[in-house]
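**Q** Contents of coords.cif (mmCIF, N, CA and C atoms):
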```
data_data
loop_
_atom_site.label_atom_id
_atom_site.label_comp_id
_atom_site.auth_asym_id
_atom_site.auth_seq_id
_atom_site.Cartn_x
_atom_site.Cartn_y
_atom_site.Cartn_z
N THR J 1 1.07 -10.99 -4.48
CA THR J 1 1.44 -11.45 -3.16
C THR J 1 0.30 -11.15 -2.19
N ARG J 2 -0.08 -12.11 -1.37
CA ARG J 2 -1.06 -11.89 -0.29
C ARG J 2 -0.27 -11.70 1.00
N TYR J 3 -0.70 -10.72 1.78
CA TYR J 3 0.07 -10.35 2.96
C TYR J 3 -0.87 -9.85 4.05
N ALA J 4 -0.68 -10.33 5.28
CA ALA J 4 -1.46 -9.85 6.42
C ALA J 4 -0.74 -8.66 7.03
N VAL J 5 -1.34 -7.49 6.92
CA VAL J 5 -0.74 -6.27 7.47
C VAL J 5 -1.11 -6.17 8.94
N THR J 6 -0.11 -6.02 9.79
CA THR J 6 -0.36 -5.98 11.23
C THR J 6 -0.34 -4.55 11.79
N GLY J 7 0.39 -3.65 11.14
CA GLY J 7 0.52 -2.29 11.65
C GLY J 7 -0.76 -1.48 11.51
N THR J 8 -1.13 -0.80 12.60
CA THR J 8 -2.34 0.02 12.58
C THR J 8 -2.02 1.52 12.70
N THR J 9 -0.74 1.87 12.58
CA THR J 9 -0.30 3.27 12.56
C THR J 9 0.81 3.40 11.52
N SER J 10 1.08 4.63 11.09
CA SER J 10 2.14 4.84 10.11
C SER J 10 3.51 4.43 10.67
N GLY J 11 3.69 4.52 11.98
CA GLY J 11 4.95 4.12 12.59
C GLY J 11 5.19 2.62 12.56
N ALA J 12 4.14 1.84 12.38
CA ALA J 12 4.25 0.37 12.33
C ALA J 12 3.87 -0.16 10.94
N ALA J 13 3.99 0.68 9.93
CA ALA J 13 3.54 0.35 8.58
C ALA J 13 4.43 -0.69 7.90
N SER J 14 3.86 -1.34 6.90
CA SER J 14 4.57 -2.33 6.07
C SER J 14 5.01 -1.66 4.77
N THR J 15 6.20 -1.99 4.31
CA THR J 15 6.72 -1.41 3.08
C THR J 15 6.17 -2.15 1.87
N LEU J 16 5.63 -1.38 0.93
CA LEU J 16 5.13 -1.93 -0.34
C LEU J 16 6.18 -1.82 -1.44
N TYR J 17 6.92 -0.72 -1.43
CA TYR J 17 7.96 -0.48 -2.43
C TYR J 17 9.05 0.37 -1.80
N THR J 18 10.31 -0.01 -2.01
CA THR J 18 11.46 0.74 -1.51
C THR J 18 12.00 1.63 -2.61
N GLY J 19 12.18 2.90 -2.31
CA GLY J 19 12.66 3.87 -3.28
C GLY J 19 13.93 3.42 -3.99
N ASN J 20 13.99 3.69 -5.29
CA ASN J 20 15.13 3.36 -6.15
C ASN J 20 15.36 1.87 -6.30
N ASP J 21 14.34 1.07 -6.02
CA ASP J 21 14.44 -0.38 -6.19
C ASP J 21 14.41 -0.76 -7.67
N GLN J 22 13.84 0.12 -8.50
CA GLN J 22 13.72 -0.11 -9.94
C GLN J 22 14.33 1.09 -10.68
N THR J 23 14.69 0.86 -11.94
CA THR J 23 15.30 1.95 -12.72
C THR J 23 14.32 2.58 -13.70
N GLY J 24 13.24 1.90 -14.03
CA GLY J 24 12.26 2.44 -14.98
C GLY J 24 10.96 2.78 -14.30
N PRO J 25 9.90 2.99 -15.08
CA PRO J 25 8.58 3.28 -14.51
C PRO J 25 8.12 2.14 -13.58
N VAL J 26 7.38 2.51 -12.54
CA VAL J 26 6.93 1.54 -11.53
C VAL J 26 5.43 1.72 -11.29
N TRP J 27 4.71 0.60 -11.25
CA TRP J 27 3.28 0.59 -10.94
C TRP J 27 3.04 -0.33 -9.75
N LEU J 28 2.02 0.00 -8.99
CA LEU J 28 1.62 -0.80 -7.83
C LEU J 28 0.16 -1.18 -8.00
N TYR J 29 -0.13 -2.47 -7.83
CA TYR J 29 -1.51 -2.95 -7.74
C TYR J 29 -1.74 -3.28 -6.27
N LEU J 30 -2.86 -2.84 -5.73
CA LEU J 30 -3.18 -3.10 -4.32
C LEU J 30 -4.66 -3.38 -4.18
N LYS J 31 -4.99 -4.45 -3.44
CA LYS J 31 -6.38 -4.78 -3.15
C LYS J 31 -6.53 -5.06 -1.66
N ASN J 32 -7.56 -4.47 -1.08
CA ASN J 32 -7.95 -4.76 0.30
C ASN J 32 -8.94 -5.92 0.23
N THR J 33 -8.57 -7.10 0.69
CA THR J 33 -9.43 -8.28 0.56
C THR J 33 -10.48 -8.40 1.66
N ASP J 34 -10.45 -7.48 2.63
CA ASP J 34 -11.40 -7.55 3.74
C ASP J 34 -12.83 -7.41 3.21
N SER J 35 -13.76 -8.11 3.82
CA SER J 35 -15.16 -8.06 3.39
C SER J 35 -15.94 -6.92 4.04
N THR J 36 -15.34 -6.25 5.02
CA THR J 36 -16.00 -5.13 5.69
C THR J 36 -15.53 -3.82 5.06
N ALA J 37 -16.46 -3.10 4.46
CA ALA J 37 -16.12 -1.88 3.72
C ALA J 37 -15.40 -0.84 4.56
N SER J 38 -15.67 -0.81 5.86
CA SER J 38 -15.08 0.21 6.73
C SER J 38 -13.74 -0.21 7.35
N ASP J 39 -13.19 -1.36 6.97
CA ASP J 39 -11.85 -1.77 7.42
C ASP J 39 -10.85 -1.31 6.36
N TYR J 40 -10.27 -0.12 6.59
CA TYR J 40 -9.48 0.56 5.57
C TYR J 40 -8.00 0.15 5.56
N VAL J 41 -7.41 0.26 4.37
CA VAL J 41 -5.96 0.19 4.17
C VAL J 41 -5.54 1.58 3.75
N TYR J 42 -4.51 2.11 4.40
CA TYR J 42 -4.01 3.45 4.10
C TYR J 42 -2.63 3.33 3.47
N VAL J 43 -2.39 4.05 2.38
CA VAL J 43 -1.10 4.05 1.70
C VAL J 43 -0.53 5.46 1.78
N PHE J 44 0.78 5.54 2.03
CA PHE J 44 1.44 6.84 2.11
C PHE J 44 2.88 6.74 1.62
N VAL J 45 3.43 7.91 1.27
CA VAL J 45 4.85 8.02 0.93
C VAL J 45 5.61 8.19 2.23
N ASP J 46 6.66 7.39 2.41
CA ASP J 46 7.45 7.45 3.64
C ASP J 46 8.40 8.65 3.55
N ASP J 47 7.91 9.80 4.02
CA ASP J 47 8.71 11.01 4.05
C ASP J 47 8.40 11.75 5.35
N ALA J 48 8.84 12.97 5.46
CA ALA J 48 8.64 13.72 6.71
C ALA J 48 7.17 13.91 7.04
N ALA J 49 6.31 14.03 6.02
CA ALA J 49 4.89 14.27 6.27
C ALA J 49 4.10 13.00 6.55
N ASP J 50 4.51 11.87 5.95
CA ASP J 50 3.77 10.60 6.08
C ASP J 50 2.27 10.79 5.82
N SER J 51 1.95 11.60 4.81
CA SER J 51 0.55 11.90 4.50
C SER J 51 -0.09 10.77 3.71
N ASN J 52 -1.25 10.29 4.18
CA ASN J 52 -2.00 9.27 3.45
C ASN J 52 -2.48 9.86 2.13
N PHE J 53 -2.38 9.08 1.06
CA PHE J 53 -2.96 9.55 -0.19
C PHE J 53 -3.88 8.52 -0.82
N VAL J 54 -3.96 7.33 -0.22
CA VAL J 54 -4.92 6.32 -0.66
C VAL J 54 -5.59 5.75 0.58
N LYS J 55 -6.91 5.58 0.50
CA LYS J 55 -7.70 4.95 1.57
C LYS J 55 -8.62 3.96 0.88
N LEU J 56 -8.29 2.66 1.02
CA LEU J 56 -9.07 1.60 0.35
C LEU J 56 -9.96 0.89 1.36
N GLY J 57 -11.24 0.88 1.08
CA GLY J 57 -12.18 0.12 1.91
C GLY J 57 -12.12 -1.36 1.55
N GLY J 58 -12.72 -2.18 2.38
CA GLY J 58 -12.78 -3.62 2.12
C GLY J 58 -13.34 -3.91 0.74
N GLY J 59 -12.66 -4.76 -0.03
CA GLY J 59 -13.10 -5.14 -1.36
C GLY J 59 -12.65 -4.20 -2.48
N GLU J 60 -12.04 -3.07 -2.14
CA GLU J 60 -11.60 -2.13 -3.16
C GLU J 60 -10.18 -2.43 -3.61
N SER J 61 -9.86 -2.01 -4.85
CA SER J 61 -8.51 -2.18 -5.38
C SER J 61 -8.13 -0.96 -6.20
N ILE J 62 -6.83 -0.82 -6.47
CA ILE J 62 -6.33 0.35 -7.19
C ILE J 62 -5.02 0.00 -7.89
N TRP J 63 -4.78 0.67 -9.02
CA TRP J 63 -3.49 0.69 -9.70
C TRP J 63 -2.91 2.08 -9.51
N LEU J 64 -1.63 2.17 -9.15
CA LEU J 64 -0.96 3.46 -8.96
C LEU J 64 0.34 3.49 -9.76
N THR J 65 0.63 4.65 -10.33
CA THR J 65 1.95 4.90 -10.89
C THR J 65 2.77 5.50 -9.76
N LEU J 66 3.95 4.91 -9.48
CA LEU J 66 4.75 5.36 -8.35
C LEU J 66 5.92 6.23 -8.80
N ASN J 67 6.35 7.10 -7.91
CA ASN J 67 7.62 7.80 -8.07
C ASN J 67 8.68 6.78 -7.69
N LYS J 68 9.49 6.35 -8.64
CA LYS J 68 10.45 5.26 -8.37
C LYS J 68 11.48 5.61 -7.31
N GLU J 69 11.63 6.90 -6.97
CA GLU J 69 12.61 7.31 -5.97
C GLU J 69 12.04 7.33 -4.55
N ALA J 70 10.73 7.18 -4.42
CA ALA J 70 10.08 7.27 -3.11
C ALA J 70 9.78 5.87 -2.56
N THR J 71 9.68 5.78 -1.24
CA THR J 71 9.29 4.55 -0.56
C THR J 71 7.82 4.66 -0.18
N TYR J 72 7.06 3.61 -0.46
CA TYR J 72 5.62 3.58 -0.20
C TYR J 72 5.32 2.53 0.87
N LYS J 73 4.49 2.90 1.81
CA LYS J 73 4.13 2.00 2.91
C LYS J 73 2.62 1.99 3.09
N CYS J 74 2.15 1.00 3.87
CA CYS J 74 0.72 0.94 4.19
C CYS J 74 0.52 0.46 5.61
N TYR J 75 -0.61 0.85 6.16
CA TYR J 75 -1.06 0.33 7.45
C TYR J 75 -2.57 0.15 7.36
N VAL J 76 -3.13 -0.52 8.33
CA VAL J 76 -4.54 -0.89 8.27
C VAL J 76 -5.29 -0.41 9.51
N GLN J 77 -6.60 -0.35 9.36
CA GLN J 77 -7.45 0.03 10.49
C GLN J 77 -7.59 -1.13 11.46
N THR J 78 -7.67 -2.35 10.92
CA THR J 78 -7.85 -3.55 11.73
C THR J 78 -6.66 -4.48 11.49
N ALA J 79 -5.90 -4.78 12.55
CA ALA J 79 -4.71 -5.63 12.42
C ALA J 79 -5.04 -6.96 11.75
N GLU J 80 -4.09 -7.45 10.98
CA GLU J 80 -4.19 -8.72 10.25
C GLU J 80 -5.09 -8.65 9.02
N THR J 81 -5.39 -7.44 8.54
CA THR J 81 -6.13 -7.30 7.29
C THR J 81 -5.26 -7.83 6.16
N ILE J 82 -5.84 -8.64 5.30
CA ILE J 82 -5.11 -9.24 4.18
C ILE J 82 -5.17 -8.31 2.97
N ILE J 83 -4.00 -8.04 2.39
CA ILE J 83 -3.95 -7.29 1.16
C ILE J 83 -3.36 -8.19 0.08
N GLU J 84 -3.67 -7.89 -1.17
CA GLU J 84 -2.98 -8.47 -2.32
C GLU J 84 -2.27 -7.30 -2.99
N TYR J 85 -0.99 -7.49 -3.30
CA TYR J 85 -0.30 -6.40 -3.98
C TYR J 85 0.80 -6.94 -4.88
N GLY J 86 1.16 -6.11 -5.83
CA GLY J 86 2.25 -6.44 -6.73
C GLY J 86 2.88 -5.16 -7.24
N VAL J 87 4.20 -5.16 -7.39
CA VAL J 87 4.94 -4.05 -7.95
C VAL J 87 5.42 -4.48 -9.32
N PHE J 88 5.15 -3.64 -10.31
CA PHE J 88 5.47 -3.97 -11.70
C PHE J 88 6.35 -2.88 -12.28
N ALA J 89 7.42 -3.30 -12.95
CA ALA J 89 8.35 -2.33 -13.54
C ALA J 89 8.61 -2.70 -14.99
#
```
Show me the file's structure as structure tokens.

**A**
Amino acid sequence: TRYAVTGTTSGAASTLYTGNDQTGPVWLYLKNTDSTASDYVYVFVDDAADSNFVKLGGGESIWLTLNKEATYKCYVQTAETIIEYGVFA
């Protein structure tokens, strides 16, 4: 899925995966399609800490194994940054 992320703070983040949406193992593929390396996408677990654990520069991609019980969100440094992502179970 290609998606323009508009939120530039964790409070305005977009949901990538909702906790307990799947019953088995869950993986996330995420790519920052921006051509500017310093236009970052930040991924975090939606919990009390909202701590970022992934920071993808323009053109970078990653595969993650997710905790199926947690909700994962992302926000961007520059509004309207396009991401490609997919959740696989």

**Q** Leaving out J:Ala13 and any residue of its chain fewer than 5 positions from it, which residues lie within 6 Å of it when counting all atoms listed in the file, given as a list in words?

**A**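 Residues meeting the cut-off are Gly7, Thr8, Lys73, Cys74 and Tyr75 of chain J.
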
**Q** Which is closest to J:Ser35 among J:Ala89, J:Val54, J:Gln77, J:Gly59, if we use only N, CA and C atoms?

**A** J:Gly59

**Q** If DSSP is run on the backbone, what residues of chain J are strand (DSSP E)? A reply as an mmCIF file with N, CA and C atoms, keeping the file's coordinate frame would be ideal.

**A**
```
data_model
loop_
_atom_site.group_PDB
_atom_site.id
_atom_site.type_symbol
_atom_site.label_atom_id
_atom_site.label_comp_id
_atom_site.auth_asym_id
_atom_site.auth_seq_id
_atom_site.Cartn_x
_atom_site.Cartn_y
_atom_site.Cartn_z
ATOM 1 N N ARG J 2 -0.080 -12.110 -1.370
ATOM 2 C CA ARG J 2 -1.060 -11.890 -0.290
ATOM 3 C C ARG J 2 -0.270 -11.700 1.000
ATOM 4 N N TYR J 3 -0.700 -10.720 1.780
ATOM 5 C CA TYR J 3 0.070 -10.350 2.960
ATOM 6 C C TYR J 3 -0.870 -9.850 4.050
ATOM 7 N N ALA J 4 -0.680 -10.330 5.280
ATOM 8 C CA ALA J 4 -1.460 -9.850 6.420
ATOM 9 C C ALA J 4 -0.740 -8.660 7.030
ATOM 10 N N VAL J 5 -1.340 -7.490 6.920
ATOM 11 C CA VAL J 5 -0.740 -6.270 7.470
ATOM 12 C C VAL J 5 -1.110 -6.170 8.940
ATOM 13 N N SER J 14 3.860 -1.340 6.900
ATOM 14 C CA SER J 14 4.570 -2.330 6.070
ATOM 15 C C SER J 14 5.010 -1.660 4.770
ATOM 16 N N THR J 15 6.200 -1.990 4.310
ATOM 17 C CA THR J 15 6.720 -1.410 3.080
ATOM 18 C C THR J 15 6.170 -2.150 1.870
ATOM 19 N N LEU J 16 5.630 -1.380 0.930
ATOM 20 C CA LEU J 16 5.130 -1.930 -0.340
ATOM 21 C C LEU J 16 6.180 -1.820 -1.440
ATOM 22 N N TYR J 17 6.920 -0.720 -1.430
ATOM 23 C CA TYR J 17 7.960 -0.480 -2.430
ATOM 24 C C TYR J 17 9.050 0.370 -1.800
ATOM 25 N N VAL J 26 7.380 2.510 -12.540
ATOM 26 C CA VAL J 26 6.930 1.540 -11.530
ATOM 27 C C VAL J 26 5.430 1.720 -11.290
ATOM 28 N N TRP J 27 4.710 0.600 -11.250
ATOM 29 C CA TRP J 27 3.280 0.590 -10.940
ATOM 30 C C TRP J 27 3.040 -0.330 -9.750
ATOM 31 N N LEU J 28 2.020 0.000 -8.990
ATOM 32 C CA LEU J 28 1.620 -0.800 -7.830
ATOM 33 C C LEU J 28 0.160 -1.180 -8.000
ATOM 34 N N TYR J 29 -0.130 -2.470 -7.830
ATOM 35 C CA TYR J 29 -1.510 -2.950 -7.740
ATOM 36 C C TYR J 29 -1.740 -3.280 -6.270
ATOM 37 N N LEU J 30 -2.860 -2.840 -5.730
ATOM 38 C CA LEU J 30 -3.180 -3.100 -4.320
ATOM 39 C C LEU J 30 -4.660 -3.380 -4.180
ATOM 40 N N LYS J 31 -4.990 -4.450 -3.440
ATOM 41 C CA LYS J 31 -6.380 -4.780 -3.150
ATOM 42 C C LYS J 31 -6.530 -5.060 -1.660
ATOM 43 N N ASN J 32 -7.560 -4.470 -1.080
ATOM 44 C CA ASN J 32 -7.950 -4.760 0.300
ATOM 45 C C ASN J 32 -8.940 -5.920 0.230
ATOM 46 N N VAL J 41 -7.410 0.260 4.370
ATOM 47 C CA VAL J 41 -5.960 0.190 4.170
ATOM 48 C C VAL J 41 -5.540 1.580 3.750
ATOM 49 N N TYR J 42 -4.510 2.110 4.400
ATOM 50 C CA TYR J 42 -4.010 3.450 4.100
ATOM 51 C C TYR J 42 -2.630 3.330 3.470
ATOM 52 N N VAL J 43 -2.390 4.050 2.380
ATOM 53 C CA VAL J 43 -1.100 4.050 1.700
ATOM 54 C C VAL J 43 -0.530 5.460 1.780
ATOM 55 N N PHE J 44 0.780 5.540 2.030
ATOM 56 C CA PHE J 44 1.440 6.840 2.110
ATOM 57 C C PHE J 44 2.880 6.740 1.620
ATOM 58 N N VAL J 45 3.430 7.910 1.270
ATOM 59 C CA VAL J 45 4.850 8.020 0.930
ATOM 60 C C VAL J 45 5.610 8.190 2.230
ATOM 61 N N ASN J 52 -1.250 10.290 4.180
ATOM 62 C CA ASN J 52 -2.000 9.270 3.450
ATOM 63 C C ASN J 52 -2.480 9.860 2.130
ATOM 64 N N PHE J 53 -2.380 9.080 1.060
ATOM 65 C CA PHE J 53 -2.960 9.550 -0.190
ATOM 66 C C PHE J 53 -3.880 8.520 -0.820
ATOM 67 N N VAL J 54 -3.960 7.330 -0.220
ATOM 68 C CA VAL J 54 -4.920 6.320 -0.660
ATOM 69 C C VAL J 54 -5.590 5.750 0.580
ATOM 70 N N LYS J 55 -6.910 5.580 0.500
ATOM 71 C CA LYS J 55 -7.700 4.950 1.570
ATOM 72 C C LYS J 55 -8.620 3.960 0.880
ATOM 73 N N LEU J 56 -8.290 2.660 1.020
ATOM 74 C CA LEU J 56 -9.070 1.600 0.350
ATOM 75 C C LEU J 56 -9.960 0.890 1.360
ATOM 76 N N SER J 61 -9.860 -2.010 -4.850
ATOM 77 C CA SER J 61 -8.510 -2.180 -5.380
ATOM 78 C C SER J 61 -8.130 -0.960 -6.200
ATOM 79 N N ILE J 62 -6.830 -0.820 -6.470
ATOM 80 C CA ILE J 62 -6.330 0.350 -7.190
ATOM 81 C C ILE J 62 -5.020 0.000 -7.890
ATOM 82 N N TRP J 63 -4.780 0.670 -9.020
ATOM 83 C CA TRP J 63 -3.490 0.690 -9.700
ATOM 84 C C TRP J 63 -2.910 2.080 -9.510
ATOM 85 N N LEU J 64 -1.630 2.170 -9.150
ATOM 86 C CA LEU J 64 -0.960 3.460 -8.960
ATOM 87 C C LEU J 64 0.340 3.490 -9.760
ATOM 88 N N THR J 65 0.630 4.650 -10.330
ATOM 89 C CA THR J 65 1.950 4.900 -10.890
ATOM 90 C C THR J 65 2.770 5.500 -9.760
ATOM 91 N N LEU J 66 3.950 4.910 -9.480
ATOM 92 C CA LEU J 66 4.750 5.360 -8.350
ATOM 93 C C LEU J 66 5.920 6.230 -8.800
ATOM 94 N N TYR J 72 7.060 3.610 -0.460
ATOM 95 C CA TYR J 72 5.620 3.580 -0.200
ATOM 96 C C TYR J 72 5.320 2.530 0.870
ATOM 97 N N LYS J 73 4.490 2.900 1.810
ATOM 98 C CA LYS J 73 4.130 2.000 2.910
ATOM 99 C C LYS J 73 2.620 1.990 3.090
ATOM 100 N N CYS J 74 2.150 1.000 3.870
ATOM 101 C CA CYS J 74 0.720 0.940 4.190
ATOM 102 C C CYS J 74 0.520 0.460 5.610
ATOM 103 N N TYR J 75 -0.610 0.850 6.160
ATOM 104 C CA TYR J 75 -1.060 0.330 7.450
ATOM 105 C C TYR J 75 -2.570 0.150 7.360
ATOM 106 N N VAL J 76 -3.130 -0.520 8.330
ATOM 107 C CA VAL J 76 -4.540 -0.890 8.270
ATOM 108 C C VAL J 76 -5.290 -0.410 9.510
ATOM 109 N N THR J 81 -5.390 -7.440 8.540
ATOM 110 C CA THR J 81 -6.130 -7.300 7.290
ATOM 111 C C THR J 81 -5.260 -7.830 6.160
ATOM 112 N N ILE J 82 -5.840 -8.640 5.300
ATOM 113 C CA ILE J 82 -5.110 -9.240 4.180
ATOM 114 C C ILE J 82 -5.170 -8.310 2.970
ATOM 115 N N ILE J 83 -4.000 -8.040 2.390
ATOM 116 C CA ILE J 83 -3.950 -7.290 1.160
ATOM 117 C C ILE J 83 -3.360 -8.190 0.080
ATOM 118 N N GLU J 84 -3.670 -7.890 -1.170
ATOM 119 C CA GLU J 84 -2.980 -8.470 -2.320
ATOM 120 C C GLU J 84 -2.270 -7.300 -2.990
ATOM 121 N N TYR J 85 -0.990 -7.490 -3.300
ATOM 122 C CA TYR J 85 -0.300 -6.400 -3.980
ATOM 123 C C TYR J 85 0.800 -6.940 -4.880
ATOM 124 N N GLY J 86 1.160 -6.110 -5.830
ATOM 125 C CA GLY J 86 2.250 -6.440 -6.730
ATOM 126 C C GLY J 86 2.880 -5.160 -7.240
ATOM 127 N N VAL J 87 4.200 -5.160 -7.390
ATOM 128 C CA VAL J 87 4.940 -4.050 -7.950
ATOM 129 C C VAL J 87 5.420 -4.480 -9.320
ATOM 130 N N PHE J 88 5.150 -3.640 -10.310
ATOM 131 C CA PHE J 88 5.470 -3.970 -11.700
ATOM 132 C C PHE J 88 6.350 -2.880 -12.280
#
```

**Q** Would you compute the distance between atom CA of J:Asp39 and atom CA of J:Phe53? Give it in Å to one decimal.

**A**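 For atom CA of J:Asp39 relative to atom CA of J:Phe53, the distance reads 16.3 Å.
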
**Q** What is the distance, in Å and to one decimal place, between atom CA of J:Gly11 and atom C of J:Phe88?

**A**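 Those two atoms sit 25.9 Å apart.
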
**Q** Under the PyMOL selection byres (((chain J and resi 78 and name CA) around 12) and name CA), which residues of this model are included? Write them out as a ChimeraX atom specification.

**A** /J:4-9,32,34-42,57-58,75-77,79-83

**Q** Would you mind exporting N, CA and C atoms of the selected residues as a PDB file, in the frame of the given file?

**A**
```
ATOM      1  N   ALA J   4      -0.680 -10.330   5.280  1.00  0.00           N
ATOM      2  CA  ALA J   4      -1.460  -9.850   6.420  1.00  0.00           C
ATOM      3  C   ALA J   4      -0.740  -8.660   7.030  1.00  0.00           C
ATOM      4  N   VAL J   5      -1.340  -7.490   6.920  1.00  0.00           N
ATOM      5  CA  VAL J   5      -0.740  -6.270   7.470  1.00  0.00           C
ATOM      6  C   VAL J   5      -1.110  -6.170   8.940  1.00  0.00           C
ATOM      7  N   THR J   6      -0.110  -6.020   9.790  1.00  0.00           N
ATOM      8  CA  THR J   6      -0.360  -5.980  11.230  1.00  0.00           C
ATOM      9  C   THR J   6      -0.340  -4.550  11.790  1.00  0.00           C
ATOM     10  N   GLY J   7       0.390  -3.650  11.140  1.00  0.00           N
ATOM     11  CA  GLY J   7       0.520  -2.290  11.650  1.00  0.00           C
ATOM     12  C   GLY J   7      -0.760  -1.480  11.510  1.00  0.00           C
ATOM     13  N   THR J   8      -1.130  -0.800  12.600  1.00  0.00           N
ATOM     14  CA  THR J   8      -2.340   0.020  12.580  1.00  0.00           C
ATOM     15  C   THR J   8      -2.020   1.520  12.700  1.00  0.00           C
ATOM     16  N   THR J   9      -0.740   1.870  12.580  1.00  0.00           N
ATOM     17  CA  THR J   9      -0.300   3.270  12.560  1.00  0.00           C
ATOM     18  C   THR J   9       0.810   3.400  11.520  1.00  0.00           C
ATOM     19  N   ASN J  32      -7.560  -4.470  -1.080  1.00  0.00           N
ATOM     20  CA  ASN J  32      -7.950  -4.760   0.300  1.00  0.00           C
ATOM     21  C   ASN J  32      -8.940  -5.920   0.230  1.00  0.00           C
ATOM     22  N   ASP J  34     -10.450  -7.480   2.630  1.00  0.00           N
ATOM     23  CA  ASP J  34     -11.400  -7.550   3.740  1.00  0.00           C
ATOM     24  C   ASP J  34     -12.830  -7.410   3.210  1.00  0.00           C
ATOM     25  N   SER J  35     -13.760  -8.110   3.820  1.00  0.00           N
ATOM     26  CA  SER J  35     -15.160  -8.060   3.390  1.00  0.00           C
ATOM     27  C   SER J  35     -15.940  -6.920   4.040  1.00  0.00           C
ATOM     28  N   THR J  36     -15.340  -6.250   5.020  1.00  0.00           N
ATOM     29  CA  THR J  36     -16.000  -5.130   5.690  1.00  0.00           C
ATOM     30  C   THR J  36     -15.530  -3.820   5.060  1.00  0.00           C
ATOM     31  N   ALA J  37     -16.460  -3.100   4.460  1.00  0.00           N
ATOM     32  CA  ALA J  37     -16.120  -1.880   3.720  1.00  0.00           C
ATOM     33  C   ALA J  37     -15.400  -0.840   4.560  1.00  0.00           C
ATOM     34  N   SER J  38     -15.670  -0.810   5.860  1.00  0.00           N
ATOM     35  CA  SER J  38     -15.080   0.210   6.730  1.00  0.00           C
ATOM     36  C   SER J  38     -13.740  -0.210   7.350  1.00  0.00           C
ATOM     37  N   ASP J  39     -13.190  -1.360   6.970  1.00  0.00           N
ATOM     38  CA  ASP J  39     -11.850  -1.770   7.420  1.00  0.00           C
ATOM     39  C   ASP J  39     -10.850  -1.310   6.360  1.00  0.00           C
ATOM     40  N   TYR J  40     -10.270  -0.120   6.590  1.00  0.00           N
ATOM     41  CA  TYR J  40      -9.480   0.560   5.570  1.00  0.00           C
ATOM     42  C   TYR J  40      -8.000   0.150   5.560  1.00  0.00           C
ATOM     43  N   VAL J  41      -7.410   0.260   4.370  1.00  0.00           N
ATOM     44  CA  VAL J  41      -5.960   0.190   4.170  1.00  0.00           C
ATOM     45  C   VAL J  41      -5.540   1.580   3.750  1.00  0.00           C
ATOM     46  N   TYR J  42      -4.510   2.110   4.400  1.00  0.00           N
ATOM     47  CA  TYR J  42      -4.010   3.450   4.100  1.00  0.00           C
ATOM     48  C   TYR J  42      -2.630   3.330   3.470  1.00  0.00           C
ATOM     49  N   GLY J  57     -11.240   0.880   1.080  1.00  0.00           N
ATOM     50  CA  GLY J  57     -12.180   0.120   1.910  1.00  0.00           C
ATOM     51  C   GLY J  57     -12.120  -1.360   1.550  1.00  0.00           C
ATOM     52  N   GLY J  58     -12.720  -2.180   2.380  1.00  0.00           N
ATOM     53  CA  GLY J  58     -12.780  -3.620   2.120  1.00  0.00           C
ATOM     54  C   GLY J  58     -13.340  -3.910   0.740  1.00  0.00           C
ATOM     55  N   TYR J  75      -0.610   0.850   6.160  1.00  0.00           N
ATOM     56  CA  TYR J  75      -1.060   0.330   7.450  1.00  0.00           C
ATOM     57  C   TYR J  75      -2.570   0.150   7.360  1.00  0.00           C
ATOM     58  N   VAL J  76      -3.130  -0.520   8.330  1.00  0.00           N
ATOM     59  CA  VAL J  76      -4.540  -0.890   8.270  1.00  0.00           C
ATOM     60  C   VAL J  76      -5.290  -0.410   9.510  1.00  0.00           C
ATOM     61  N   GLN J  77      -6.600  -0.350   9.360  1.00  0.00           N
ATOM     62  CA  GLN J  77      -7.450   0.030  10.490  1.00  0.00           C
ATOM     63  C   GLN J  77      -7.590  -1.130  11.460  1.00  0.00           C
ATOM     64  N   ALA J  79      -5.900  -4.780  12.550  1.00  0.00           N
ATOM     65  CA  ALA J  79      -4.710  -5.630  12.420  1.00  0.00           C
ATOM     66  C   ALA J  79      -5.040  -6.960  11.750  1.00  0.00           C
ATOM     67  N   GLU J  80      -4.090  -7.450  10.980  1.00  0.00           N
ATOM     68  CA  GLU J  80      -4.190  -8.720  10.250  1.00  0.00           C
ATOM     69  C   GLU J  80      -5.090  -8.650   9.020  1.00  0.00           C
ATOM     70  N   THR J  81      -5.390  -7.440   8.540  1.00  0.00           N
ATOM     71  CA  THR J  81      -6.130  -7.300   7.290  1.00  0.00           C
ATOM     72  C   THR J  81      -5.260  -7.830   6.160  1.00  0.00           C
ATOM     73  N   ILE J  82      -5.840  -8.640   5.300  1.00  0.00           N
ATOM     74  CA  ILE J  82      -5.110  -9.240   4.180  1.00  0.00           C
ATOM     75  C   ILE J  82      -5.170  -8.310   2.970  1.00  0.00           C
ATOM     76  N   ILE J  83      -4.000  -8.040   2.390  1.00  0.00           N
ATOM     77  CA  ILE J  83      -3.950  -7.290   1.160  1.00  0.00           C
ATOM     78  C   ILE J  83      -3.360  -8.190   0.080  1.00  0.00           C
TER      79      ILE J  83
END
```

**Q** If we count only N, CA and C atoms, what is near J:Tyr17 at a cut-off of 6.5 Å, once residues fewer than 5 positions away on the same chain are taken out, given as number ranges by chain?

**A** J: 70-73

**Q** With all atoms of stretch 53-64 of chain J from the file as input, state the centre and edge lengths in Å to one decimal of the axis-aligned box that has 8 Å extra on each side, as lines of an AutoDock Vina configuration file.

**A**
```
center_x = -6.5
center_y = 2.2
center_z = -3.7
size_x = 29.7
size_y = 30.7
size_z = 28.1
```

**Q** Which residue out of J:Glu69, J:Val45, J:Glu84, J:Trp63 has the minimum interatomic distance to J:Asp21 when only C-alpha atoms are used?

**A**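 Answer, going by the shortest atom-to-atom distance: J:Glu69.
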
**Q** Name the residues that the PyMOL selection byres ((chain J and resi 85) around 6) picks from the file above, as a list of chain:residue names, using the file's chain letters and numbers.

**A** J:Thr1, J:Arg2, J:Tyr29, J:Leu30, J:Lys31, J:Ile83, J:Glu84, J:Gly86, J:Val87

**Q** Give me, please, the distance in Å between atom C of J:Gly24 and atom C of J:Leu64, quoted to one decimal.

**A**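 Between atom C of J:Gly24 and atom C of J:Leu64 the gap works out to 11.6 Å.
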